[in-house]
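Containing mmCIF, C-alpha atoms and all ligand atoms: model.cif.
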data_data
#
loop_
_atom_site.group_PDB
_atom_site.id
_atom_site.type_symbol
_atom_site.label_atom_id
_atom_site.label_comp_id
_atom_site.auth_asym_id
_atom_site.auth_seq_id
_atom_site.Cartn_x
_atom_site.Cartn_y
_atom_site.Cartn_z
ATOM 1 C CA MET A 1 69.908 26.722 -15.289
ATOM 2 C CA SER A 2 69.056 23.120 -14.459
ATOM 3 C CA TYR A 3 66.203 21.323 -16.147
ATOM 4 C CA ILE A 4 64.448 20.514 -12.882
ATOM 5 C CA ILE A 5 64.854 22.604 -9.729
ATOM 6 C CA ALA A 6 63.345 21.920 -6.316
ATOM 7 C CA GLU A 7 63.735 24.774 -3.851
ATOM 8 C CA GLY A 8 62.867 24.159 -0.225
ATOM 9 C CA LEU A 9 59.959 21.851 -0.952
ATOM 10 C CA THR A 10 57.981 21.338 2.235
ATOM 11 C CA LYS A 11 54.730 19.469 2.674
ATOM 12 C CA GLN A 12 52.666 19.384 5.800
ATOM 13 C CA TYR A 13 49.535 17.254 5.980
ATOM 14 C CA GLY A 14 46.881 18.291 8.487
ATOM 15 C CA SER A 15 47.361 20.955 11.157
ATOM 16 C CA GLY A 16 47.830 21.441 14.880
ATOM 17 C CA ASP A 17 48.620 18.303 16.880
ATOM 18 C CA ALA A 18 47.725 16.091 13.937
ATOM 19 C CA ALA A 19 50.190 17.807 11.594
ATOM 20 C CA VAL A 20 52.587 15.535 9.704
ATOM 21 C CA ARG A 21 55.592 17.059 8.026
ATOM 22 C CA ALA A 22 56.006 14.596 5.154
ATOM 23 C CA ALA A 23 58.616 16.672 3.314
ATOM 24 C CA ALA A 24 60.926 19.204 4.939
ATOM 25 C CA ASP A 25 62.884 21.787 2.992
ATOM 26 C CA ILE A 26 63.961 19.545 0.116
ATOM 27 C CA SER A 27 66.200 21.153 -2.508
ATOM 28 C CA PHE A 28 67.955 19.629 -5.506
ATOM 29 C CA GLN A 29 68.588 20.089 -9.211
ATOM 30 C CA ILE A 30 68.278 17.530 -11.969
ATOM 31 C CA GLU A 31 69.728 17.786 -15.476
ATOM 32 C CA GLU A 32 67.983 16.586 -18.581
ATOM 33 C CA GLY A 33 68.549 12.873 -19.185
ATOM 34 C CA GLU A 34 69.465 11.900 -15.625
ATOM 35 C CA PHE A 35 68.208 8.664 -14.092
ATOM 36 C CA ILE A 36 67.548 9.254 -10.385
ATOM 37 C CA GLY A 37 66.645 6.733 -7.737
ATOM 38 C CA ILE A 38 64.837 7.844 -4.579
ATOM 39 C CA MET A 39 65.237 5.579 -1.564
ATOM 40 C CA GLY A 40 64.188 5.676 2.063
ATOM 41 C CA GLU A 41 62.144 3.698 4.519
ATOM 42 C CA SER A 42 58.376 3.475 4.417
ATOM 43 C CA GLY A 43 56.800 6.783 5.432
ATOM 44 C CA SER A 44 59.963 8.795 4.735
ATOM 45 C CA GLY A 45 58.163 10.986 2.177
ATOM 46 C CA LYS A 46 59.088 9.436 -1.173
ATOM 47 C CA SER A 47 55.589 9.372 -2.654
ATOM 48 C CA THR A 48 54.917 12.831 -1.246
ATOM 49 C CA LEU A 49 57.997 14.171 -3.031
ATOM 50 C CA LEU A 50 57.094 12.394 -6.264
ATOM 51 C CA GLY A 51 53.571 13.829 -6.068
ATOM 52 C CA MET A 52 54.994 17.347 -5.708
ATOM 53 C CA MET A 53 57.273 16.663 -8.681
ATOM 54 C CA GLY A 54 54.274 15.379 -10.602
ATOM 55 C CA ALA A 55 52.340 18.639 -10.278
ATOM 56 C CA MET A 56 49.728 16.707 -8.295
ATOM 57 C CA ASN A 57 50.489 17.649 -4.716
ATOM 58 C CA ALA A 58 51.048 21.339 -4.011
ATOM 59 C CA PRO A 59 53.847 21.959 -1.500
ATOM 60 C CA THR A 60 53.031 23.882 1.670
ATOM 61 C CA SER A 61 56.052 26.006 0.809
ATOM 62 C CA GLY A 62 58.905 25.948 -1.671
ATOM 63 C CA ARG A 63 59.102 26.050 -5.439
ATOM 64 C CA PHE A 64 59.294 23.440 -8.135
ATOM 65 C CA ILE A 65 60.578 24.451 -11.558
ATOM 66 C CA VAL A 66 60.741 22.366 -14.726
ATOM 67 C CA ASP A 67 62.189 23.736 -17.947
ATOM 68 C CA ASP A 68 61.896 27.277 -16.544
ATOM 69 C CA ILE A 69 58.233 26.789 -15.630
ATOM 70 C CA ASP A 70 57.310 27.445 -11.991
ATOM 71 C CA ILE A 71 54.797 24.603 -11.739
ATOM 72 C CA TYR A 72 52.773 25.724 -8.714
ATOM 73 C CA SER A 73 52.396 29.269 -9.967
ATOM 74 C CA LEU A 74 50.397 27.859 -12.882
ATOM 75 C CA GLY A 75 46.616 27.700 -12.801
ATOM 76 C CA GLN A 76 44.876 24.318 -12.504
ATOM 77 C CA GLU A 77 44.296 23.974 -16.215
ATOM 78 C CA GLN A 78 47.807 24.949 -17.263
ATOM 79 C CA ARG A 79 49.184 22.566 -14.680
ATOM 80 C CA ALA A 80 47.092 19.755 -16.158
ATOM 81 C CA ASP A 81 48.476 20.651 -19.595
ATOM 82 C CA PHE A 82 51.986 20.551 -18.201
ATOM 83 C CA ARG A 83 51.327 17.109 -16.735
ATOM 84 C CA ARG A 84 50.038 15.782 -20.027
ATOM 85 C CA GLU A 85 52.889 17.202 -22.083
ATOM 86 C CA PHE A 86 55.860 16.643 -19.810
ATOM 87 C CA LEU A 87 55.168 13.760 -17.512
ATOM 88 C CA GLY A 88 54.631 10.040 -17.501
ATOM 89 C CA PHE A 89 53.651 8.391 -14.203
ATOM 90 C CA ILE A 90 53.914 4.944 -12.811
ATOM 91 C CA PHE A 91 51.957 4.974 -9.551
ATOM 92 C CA GLN A 92 52.152 2.705 -6.542
ATOM 93 C CA SER A 93 48.550 1.777 -7.291
ATOM 94 C CA PHE A 94 47.960 1.206 -10.958
ATOM 95 C CA HIS A 95 44.756 3.171 -11.610
ATOM 96 C CA LEU A 96 43.721 1.063 -14.575
ATOM 97 C CA VAL A 97 40.244 1.809 -15.852
ATOM 98 C CA SER A 98 38.296 -1.379 -15.175
ATOM 99 C CA TYR A 99 35.951 -1.242 -18.172
ATOM 100 C CA LEU A 100 38.688 -0.545 -20.725
ATOM 101 C CA THR A 101 40.839 -3.302 -22.222
ATOM 102 C CA VAL A 102 44.609 -3.487 -21.780
ATOM 103 C CA ILE A 103 45.258 -1.705 -25.084
ATOM 104 C CA GLU A 104 42.566 0.925 -24.449
ATOM 105 C CA ASN A 105 44.126 1.662 -21.049
ATOM 106 C CA THR A 106 47.510 1.955 -22.738
ATOM 107 C CA MET A 107 46.112 4.409 -25.290
ATOM 108 C CA LEU A 108 44.684 6.810 -22.664
ATOM 109 C CA PRO A 109 47.595 9.311 -22.672
ATOM 110 C CA LEU A 110 47.348 9.483 -26.462
ATOM 111 C CA ALA A 111 43.935 11.128 -26.261
ATOM 112 C CA VAL A 112 45.596 14.533 -26.444
ATOM 113 C CA VAL A 113 48.256 13.526 -28.991
ATOM 114 C CA LYS A 114 47.713 14.610 -32.578
ATOM 115 C CA ALA A 115 47.866 11.333 -34.487
ATOM 116 C CA GLY A 116 45.450 9.076 -36.322
ATOM 117 C CA ARG A 117 43.619 6.248 -34.558
ATOM 118 C CA LYS A 118 45.688 3.647 -36.436
ATOM 119 C CA GLN A 119 48.985 5.281 -35.478
ATOM 120 C CA LYS A 120 47.914 5.547 -31.842
ATOM 121 C CA ARG A 121 46.996 1.871 -31.826
ATOM 122 C CA GLU A 122 50.432 1.043 -33.223
ATOM 123 C CA MET A 123 52.125 3.176 -30.548
ATOM 124 C CA ALA A 124 50.144 1.338 -27.867
ATOM 125 C CA GLN A 125 50.980 -2.041 -29.419
ATOM 126 C CA ASP A 126 54.629 -1.110 -29.447
ATOM 127 C CA ALA A 127 54.527 -0.133 -25.753
ATOM 128 C CA LEU A 128 52.707 -3.368 -24.867
ATOM 129 C CA ARG A 129 55.246 -5.381 -26.842
ATOM 130 C CA GLN A 130 58.012 -3.750 -24.808
ATOM 131 C CA VAL A 131 56.442 -4.911 -21.552
ATOM 132 C CA GLY A 132 55.620 -8.334 -23.025
ATOM 133 C CA LEU A 133 51.840 -7.992 -22.990
ATOM 134 C CA LEU A 134 50.869 -7.641 -26.622
ATOM 135 C CA GLU A 135 49.076 -10.987 -26.661
ATOM 136 C CA LYS A 136 46.816 -9.845 -23.793
ATOM 137 C CA ALA A 137 45.943 -6.497 -25.385
ATOM 138 C CA HIS A 138 42.232 -7.222 -25.489
ATOM 139 C CA ARG A 139 41.729 -8.455 -21.936
ATOM 140 C CA LEU A 140 40.146 -6.375 -19.189
ATOM 141 C CA PRO A 141 42.166 -5.487 -16.058
ATOM 142 C CA ASN A 142 40.310 -8.091 -13.947
ATOM 143 C CA GLU A 143 41.409 -10.771 -16.409
ATOM 144 C CA ILE A 144 45.148 -10.247 -15.847
ATOM 145 C CA SER A 145 47.468 -10.691 -12.863
ATOM 146 C CA GLY A 146 48.745 -7.982 -10.497
ATOM 147 C CA GLY A 147 52.179 -7.967 -12.123
ATOM 148 C CA GLU A 148 50.578 -7.731 -15.554
ATOM 149 C CA LYS A 149 48.469 -4.773 -14.393
ATOM 150 C CA GLU A 150 51.670 -3.110 -13.301
ATOM 151 C CA ARG A 151 53.162 -3.716 -16.738
ATOM 152 C CA VAL A 152 50.095 -2.175 -18.404
ATOM 153 C CA ALA A 153 50.563 0.864 -16.175
ATOM 154 C CA ILE A 154 54.168 1.070 -17.332
ATOM 155 C CA ALA A 155 53.225 0.715 -21.010
ATOM 156 C CA ARG A 156 50.649 3.468 -20.516
ATOM 157 C CA SER A 157 53.120 5.796 -18.851
ATOM 158 C CA VAL A 158 55.697 5.550 -21.625
ATOM 159 C CA VAL A 159 53.410 5.260 -24.670
ATOM 160 C CA ASN A 160 53.697 8.955 -25.574
ATOM 161 C CA GLU A 161 57.396 9.049 -24.628
ATOM 162 C CA PRO A 162 57.153 11.975 -22.201
ATOM 163 C CA PRO A 163 60.388 13.891 -21.487
ATOM 164 C CA VAL A 164 60.131 13.087 -17.761
ATOM 165 C CA LEU A 165 59.033 9.806 -16.201
ATOM 166 C CA LEU A 166 58.115 9.612 -12.509
ATOM 167 C CA ALA A 167 57.888 6.088 -11.190
ATOM 168 C CA ASP A 168 56.798 5.023 -7.707
ATOM 169 C CA GLU A 169 58.182 1.511 -7.163
ATOM 170 C CA PRO A 170 57.644 0.434 -10.759
ATOM 171 C CA THR A 171 58.636 -3.147 -10.006
ATOM 172 C CA GLY A 172 57.216 -3.417 -6.486
ATOM 173 C CA ASN A 173 54.945 -6.337 -7.363
ATOM 174 C CA LEU A 174 56.988 -8.080 -10.030
ATOM 175 C CA ASP A 175 59.197 -11.165 -9.998
ATOM 176 C CA THR A 176 62.931 -10.814 -10.549
ATOM 177 C CA LYS A 177 62.885 -11.635 -14.245
ATOM 178 C CA THR A 178 60.035 -9.262 -15.104
ATOM 179 C CA SER A 179 61.561 -6.569 -12.883
ATOM 180 C CA ARG A 180 64.781 -6.807 -14.792
ATOM 181 C CA GLU A 181 62.937 -6.539 -18.120
ATOM 182 C CA ILE A 182 61.110 -3.444 -16.902
ATOM 183 C CA MET A 183 64.367 -1.915 -15.668
ATOM 184 C CA GLU A 184 65.985 -2.629 -19.039
ATOM 185 C CA LEU A 185 63.035 -0.891 -20.703
ATOM 186 C CA LEU A 186 63.484 2.154 -18.435
ATOM 187 C CA LYS A 187 67.196 2.091 -19.199
ATOM 188 C CA ARG A 188 66.525 2.139 -22.962
ATOM 189 C CA LEU A 189 64.093 5.042 -22.553
ATOM 190 C CA ASN A 190 66.682 6.882 -20.444
ATOM 191 C CA GLN A 191 69.337 6.292 -23.095
ATOM 192 C CA LYS A 192 66.973 7.827 -25.652
ATOM 193 C CA GLY A 193 66.923 10.957 -23.466
ATOM 194 C CA MET A 194 64.036 10.480 -21.047
ATOM 195 C CA THR A 195 64.708 11.930 -17.578
ATOM 196 C CA ILE A 196 63.632 9.339 -15.006
ATOM 197 C CA VAL A 197 62.937 9.719 -11.288
ATOM 198 C CA MET A 198 62.180 6.374 -9.685
ATOM 199 C CA VAL A 199 61.267 5.518 -6.112
ATOM 200 C CA THR A 200 62.462 2.065 -5.175
ATOM 201 C CA HIS A 201 63.218 -0.138 -2.185
ATOM 202 C CA SER A 202 65.134 -2.585 -4.313
ATOM 203 C CA PRO A 203 68.937 -2.322 -4.452
ATOM 204 C CA ASP A 204 68.826 -4.129 -7.811
ATOM 205 C CA CYS A 205 66.553 -1.496 -9.321
ATOM 206 C CA ALA A 206 68.500 1.306 -7.670
ATOM 207 C CA GLY A 207 71.572 -0.063 -9.450
ATOM 208 C CA TYR A 208 70.105 1.255 -12.708
ATOM 209 C CA ALA A 209 70.022 4.839 -11.463
ATOM 210 C CA GLN A 210 73.013 7.125 -11.922
ATOM 211 C CA ARG A 211 72.263 9.080 -8.804
ATOM 212 C CA ILE A 212 70.520 8.192 -5.559
ATOM 213 C CA MET A 213 68.628 10.563 -3.299
ATOM 214 C CA ARG A 214 67.885 9.308 0.185
ATOM 215 C CA LEU A 215 64.982 10.511 2.280
ATOM 216 C CA SER A 216 64.586 10.056 5.998
ATOM 217 C CA ASP A 217 61.725 11.492 7.990
ATOM 218 C CA GLY A 218 60.836 13.912 5.187
ATOM 219 C CA LYS A 219 64.371 15.219 4.802
ATOM 220 C CA LEU A 220 66.827 14.756 1.970
ATOM 221 C CA VAL A 221 69.717 13.104 3.794
ATOM 222 C CA GLY A 222 71.766 11.923 0.821
ATOM 223 C CA ASP A 223 72.234 12.843 -2.822
ATOM 224 C CA ASN A 224 75.106 11.018 -4.487
ATOM 225 C CA SER A 225 76.329 9.519 -7.691
ATOM 226 C CA ASN A 226 75.419 5.901 -7.611
ATOM 227 C CA ILE A 227 78.683 4.293 -6.554
ATOM 228 C CA ARG A 228 77.292 0.843 -7.069
ATOM 229 C CA SER A 229 76.339 1.447 -10.698
ATOM 230 C CA LEU A 230 79.636 3.242 -11.143
ATOM 231 C CA ASP A 231 81.368 0.089 -9.913
ATOM 232 C CA GLN A 232 79.328 -2.056 -12.256
ATOM 233 C CA TRP A 233 79.996 0.300 -15.106
ATOM 234 C CA GLN A 234 83.730 0.282 -14.424
ATOM 235 C CA ARG A 235 83.783 -3.482 -14.266
ATOM 236 C CA LYS A 236 81.942 -3.695 -17.577
ATOM 237 C CA GLU A 237 84.269 -1.164 -19.197
ATOM 238 C CA ARG A 238 87.292 -2.985 -17.866
ATOM 239 C CA LYS A 239 86.037 -6.223 -19.370
ATOM 240 C CA LYS A 240 85.265 -4.554 -22.687
ATOM 241 C CA GLU A 241 88.482 -2.639 -23.173
ATOM 242 C CA SER A 242 90.871 -3.827 -20.445
ATOM 243 C CA LEU A 243 91.603 -0.192 -19.635
ATOM 244 C CA PRO A 244 94.679 0.522 -17.527
ATOM 245 C CA ASP A 245 93.781 1.707 -14.019
ATOM 246 C CA GLN A 246 94.543 5.375 -14.514
ATOM 247 C CA ASN A 247 92.190 5.696 -17.473
ATOM 248 C CA GLN A 248 89.452 4.125 -15.439
ATOM 249 C CA ALA A 249 89.897 6.719 -12.762
ATOM 250 C CA VAL A 250 89.688 9.503 -15.356
ATOM 251 C CA ALA A 251 86.629 7.952 -16.980
ATOM 252 C CA ALA A 252 84.950 7.479 -13.594
ATOM 253 C CA GLY A 253 85.771 11.070 -12.698
ATOM 254 C CA SER A 254 84.132 12.408 -15.820
ATOM 255 C CA LEU A 255 81.052 10.290 -15.096
ATOM 256 C CA LEU A 256 80.889 11.780 -11.630
ATOM 257 C CA ASP A 257 81.235 15.291 -13.008
ATOM 258 C CA GLY A 258 78.697 14.732 -15.758
HETATM 259 N N1 LIG A 301 47.186 12.531 2.582
HETATM 260 C C1 LIG A 301 47.894 12.398 3.711
HETATM 261 N N2 LIG A 301 47.442 12.894 4.869
HETATM 262 C C2 LIG A 301 48.149 12.793 6.024
HETATM 263 N N3 LIG A 301 49.341 12.197 6.104
HETATM 264 C C3 LIG A 301 49.852 11.661 4.983
HETATM 265 C C4 LIG A 301 49.156 11.728 3.732
HETATM 266 N N4 LIG A 301 49.933 11.109 2.791
HETATM 267 C C5 LIG A 301 51.039 10.693 3.422
HETATM 268 N N5 LIG A 301 51.002 11.020 4.729
HETATM 269 C C6 LIG A 301 52.051 10.774 5.750
HETATM 270 O O1 LIG A 301 53.232 11.422 5.281
HETATM 271 C C7 LIG A 301 54.375 10.619 5.519
HETATM 272 C C8 LIG A 301 55.084 10.315 4.196
HETATM 273 O O2 LIG A 301 54.255 9.492 3.403
HETATM 274 P P1 LIG A 301 54.685 8.987 1.959
HETATM 275 O O3 LIG A 301 53.508 8.328 1.358
HETATM 276 O O4 LIG A 301 55.273 10.110 1.220
HETATM 277 O O5 LIG A 301 55.812 7.919 2.339
HETATM 278 P P2 LIG A 301 56.655 6.925 1.417
HETATM 279 O O6 LIG A 301 58.077 7.205 1.674
HETATM 280 O O7 LIG A 301 56.164 6.981 0.017
HETATM 281 O O8 LIG A 301 56.305 5.502 2.062
HETATM 282 P P3 LIG A 301 56.115 4.045 1.348
HETATM 283 O O9 LIG A 301 57.489 3.518 1.107
HETATM 284 O O10 LIG A 301 55.412 3.261 2.426
HETATM 285 O O11 LIG A 301 55.299 4.197 0.123
HETATM 286 C C9 LIG A 301 53.871 9.397 6.259
HETATM 287 O O12 LIG A 301 54.029 9.631 7.624
HETATM 288 C C10 LIG A 301 52.414 9.311 5.880
HETATM 289 O O13 LIG A 301 51.678 8.677 6.862
HETATM 290 MG MG MG A 302 55.146 5.598 -1.223
#
Represent the structure from my file as structure tokens, please.
Ligand SMILES: Nc1ncnc2c1ncn2[C@@H]1O[C@H](COP(=O)(O)OP(=O)(O)OP(=O)(O)O)[C@@H](O)[C@H]1O
Ligand SMILES: [Mg+2]
Amino acid sequence: MSYIIAEGLTKQYGSGDAAVRAAADISFQIEEGEFIGIMGESGSGKSTLLGMMGAMNAPTSGRFIVDDIDIYSLGQEQRADFRREFLGFIFQSFHLVSYLTVIENTMLPLAVVKAGRKQKREMAQDALRQVGLLEKAHRLPNEISGGEKERVAIARSVVNEPPVLLADEPTGNLDTKTSREIMELLKRLNQKGMTIVMVTHSPDCAGYAQRIMRLSDGKLVGDNSNIRSLDQWQRKERKKESLPDQNQAVAAGSLLDG
């Protein structure tokens, strides 16, 4: 049984003439440790799907199962527990708490973690170091830039190293260099075993995903191994080991199967 299973997820906002079908009968399975990119034009339903995957937006119909737990059959409180234990989020809007400093914002998910204050502070410092913001740990959100706010949001979402990270355009407001650093951070977390689902418009960012799902008008219209990253990977491997062609094909095949 797959780690994550979506079965016919459908979301309709409003009713009657005003009804919008933002997600239509979306089904897929995700294995533990995958890095998925979700792409599609504006309004195609990406955030809606991510919200349903984040136990925040109940589908009109369909089921969503994580680690054998049928998320929307849980009560409110259990679902909140599930969110805290399983999920990290990077939202399209950052939701930083304006009266808390950068490090206090970063420590928020640790409220429910059993660890001493000092250890939690160290975990938060480590996360801030990874996004390059340690020296601004004691500023308030209105004293840092938009891109820096985004990086705080990222530090906060990974500070407790949740098994699943859901990211809605994590680098949408960042310059190329910072974007790349953030993507490298996500890549490291993925290599340590974190399952990542990331919405992005950027082909560069999508290149980090192993598999791309494409949405159009609320429907899942594509779900493929990421050929581009496969190409990059092959090129890298070729450089490293100068593999003969046949071996490359075998290696690429096993990546596709895996
Ligand atoms: N709360 C809501 N009420 C009514 N309609 C909504 C609501 N949220 C989203 N929609 C509509 O559902 C559709 C999908 O929206 P969604 O936010 O999922 O798109 P998206 O792919 O994330 O777009 P973007 O790339 O612009 O963020 C759109 O037509 C949008 O207008
Ligand atoms: Mg969106």
Hits of the PyMOL selection byres (((chain A and resi 48-61) around 7) and not hetatm) in this structure, as a tab-separated table (two decimals) with C-alpha atoms, in the frame of the given file:
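Resulting contents of selection03.tsv:
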chain	number	residue	atom	x	y	z
A	9	LEU	CA	59.96	21.85	-0.95
A	10	THR	CA	57.98	21.34	2.24
A	11	LYS	CA	54.73	19.47	2.67
A	12	GLN	CA	52.67	19.38	5.80
A	22	ALA	CA	56.01	14.60	5.15
A	23	ALA	CA	58.62	16.67	3.31
A	45	GLY	CA	58.16	10.99	2.18
A	46	LYS	CA	59.09	9.44	-1.17
A	47	SER	CA	55.59	9.37	-2.65
A	62	GLY	CA	58.90	25.95	-1.67
A	63	ARG	CA	59.10	26.05	-5.44
A	71	ILE	CA	54.80	24.60	-11.74
A	72	TYR	CA	52.77	25.72	-8.71
A	79	ARG	CA	49.18	22.57	-14.68
A	83	ARG	CA	51.33	17.11	-16.74
A	166	LEU	CA	58.12	9.61	-12.51
- Task: Name every residue that the PyMOL selection byres (((not hetatm)) within 12 of (chain A and resi 302)) selects in this structure, writing the answer as a ChimeraX atom specification with chains first and numbers rising.
- Result: /A:22,38-51,90-93,167-170,172,198-201,215,218
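Across A:Asn224, A:Asn160, A:Ser216, A:Asn190, the tightest approach to ligand LIG 301 (chain A) is made by A:Ser216 when counting all atoms listed in the file.
Going from CA of Ser225 (chain A) over to CA of Gln210 (chain A), you cover 5.9 Å.
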Would you write out, as an mmCIF file with C-alpha atoms, in the coordinates of the input, every residue that the PyMOL selection byres (((chain A and resi 96) around 7) and not hetatm) captures in this file?
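Everything below was put into part.cif:
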data_model
loop_
_atom_site.group_PDB
_atom_site.id
_atom_site.type_symbol
_atom_site.label_atom_id
_atom_site.label_comp_id
_atom_site.auth_asym_id
_atom_site.auth_seq_id
_atom_site.Cartn_x
_atom_site.Cartn_y
_atom_site.Cartn_z
ATOM 1 C CA PHE A 94 47.960 1.206 -10.958
ATOM 2 C CA HIS A 95 44.756 3.171 -11.610
ATOM 3 C CA VAL A 97 40.244 1.809 -15.852
ATOM 4 C CA SER A 98 38.296 -1.379 -15.175
ATOM 5 C CA ASN A 105 44.126 1.662 -21.049
ATOM 6 C CA PRO A 141 42.166 -5.487 -16.058
#
- With only C-alpha atoms as the basis for distance, which of A:Leu189, A:Val66, A:Met183, A:Leu110 is at the shortest distance from Ala206 (chain A)? A:Met183
- Note on the structure: Between A:Ala155, A:Leu220, A:Leu185, A:Ala6, smallest distance to ligand LIG 301 (chain A) by only C-alpha atoms and all ligand atoms belongs to A:Leu220
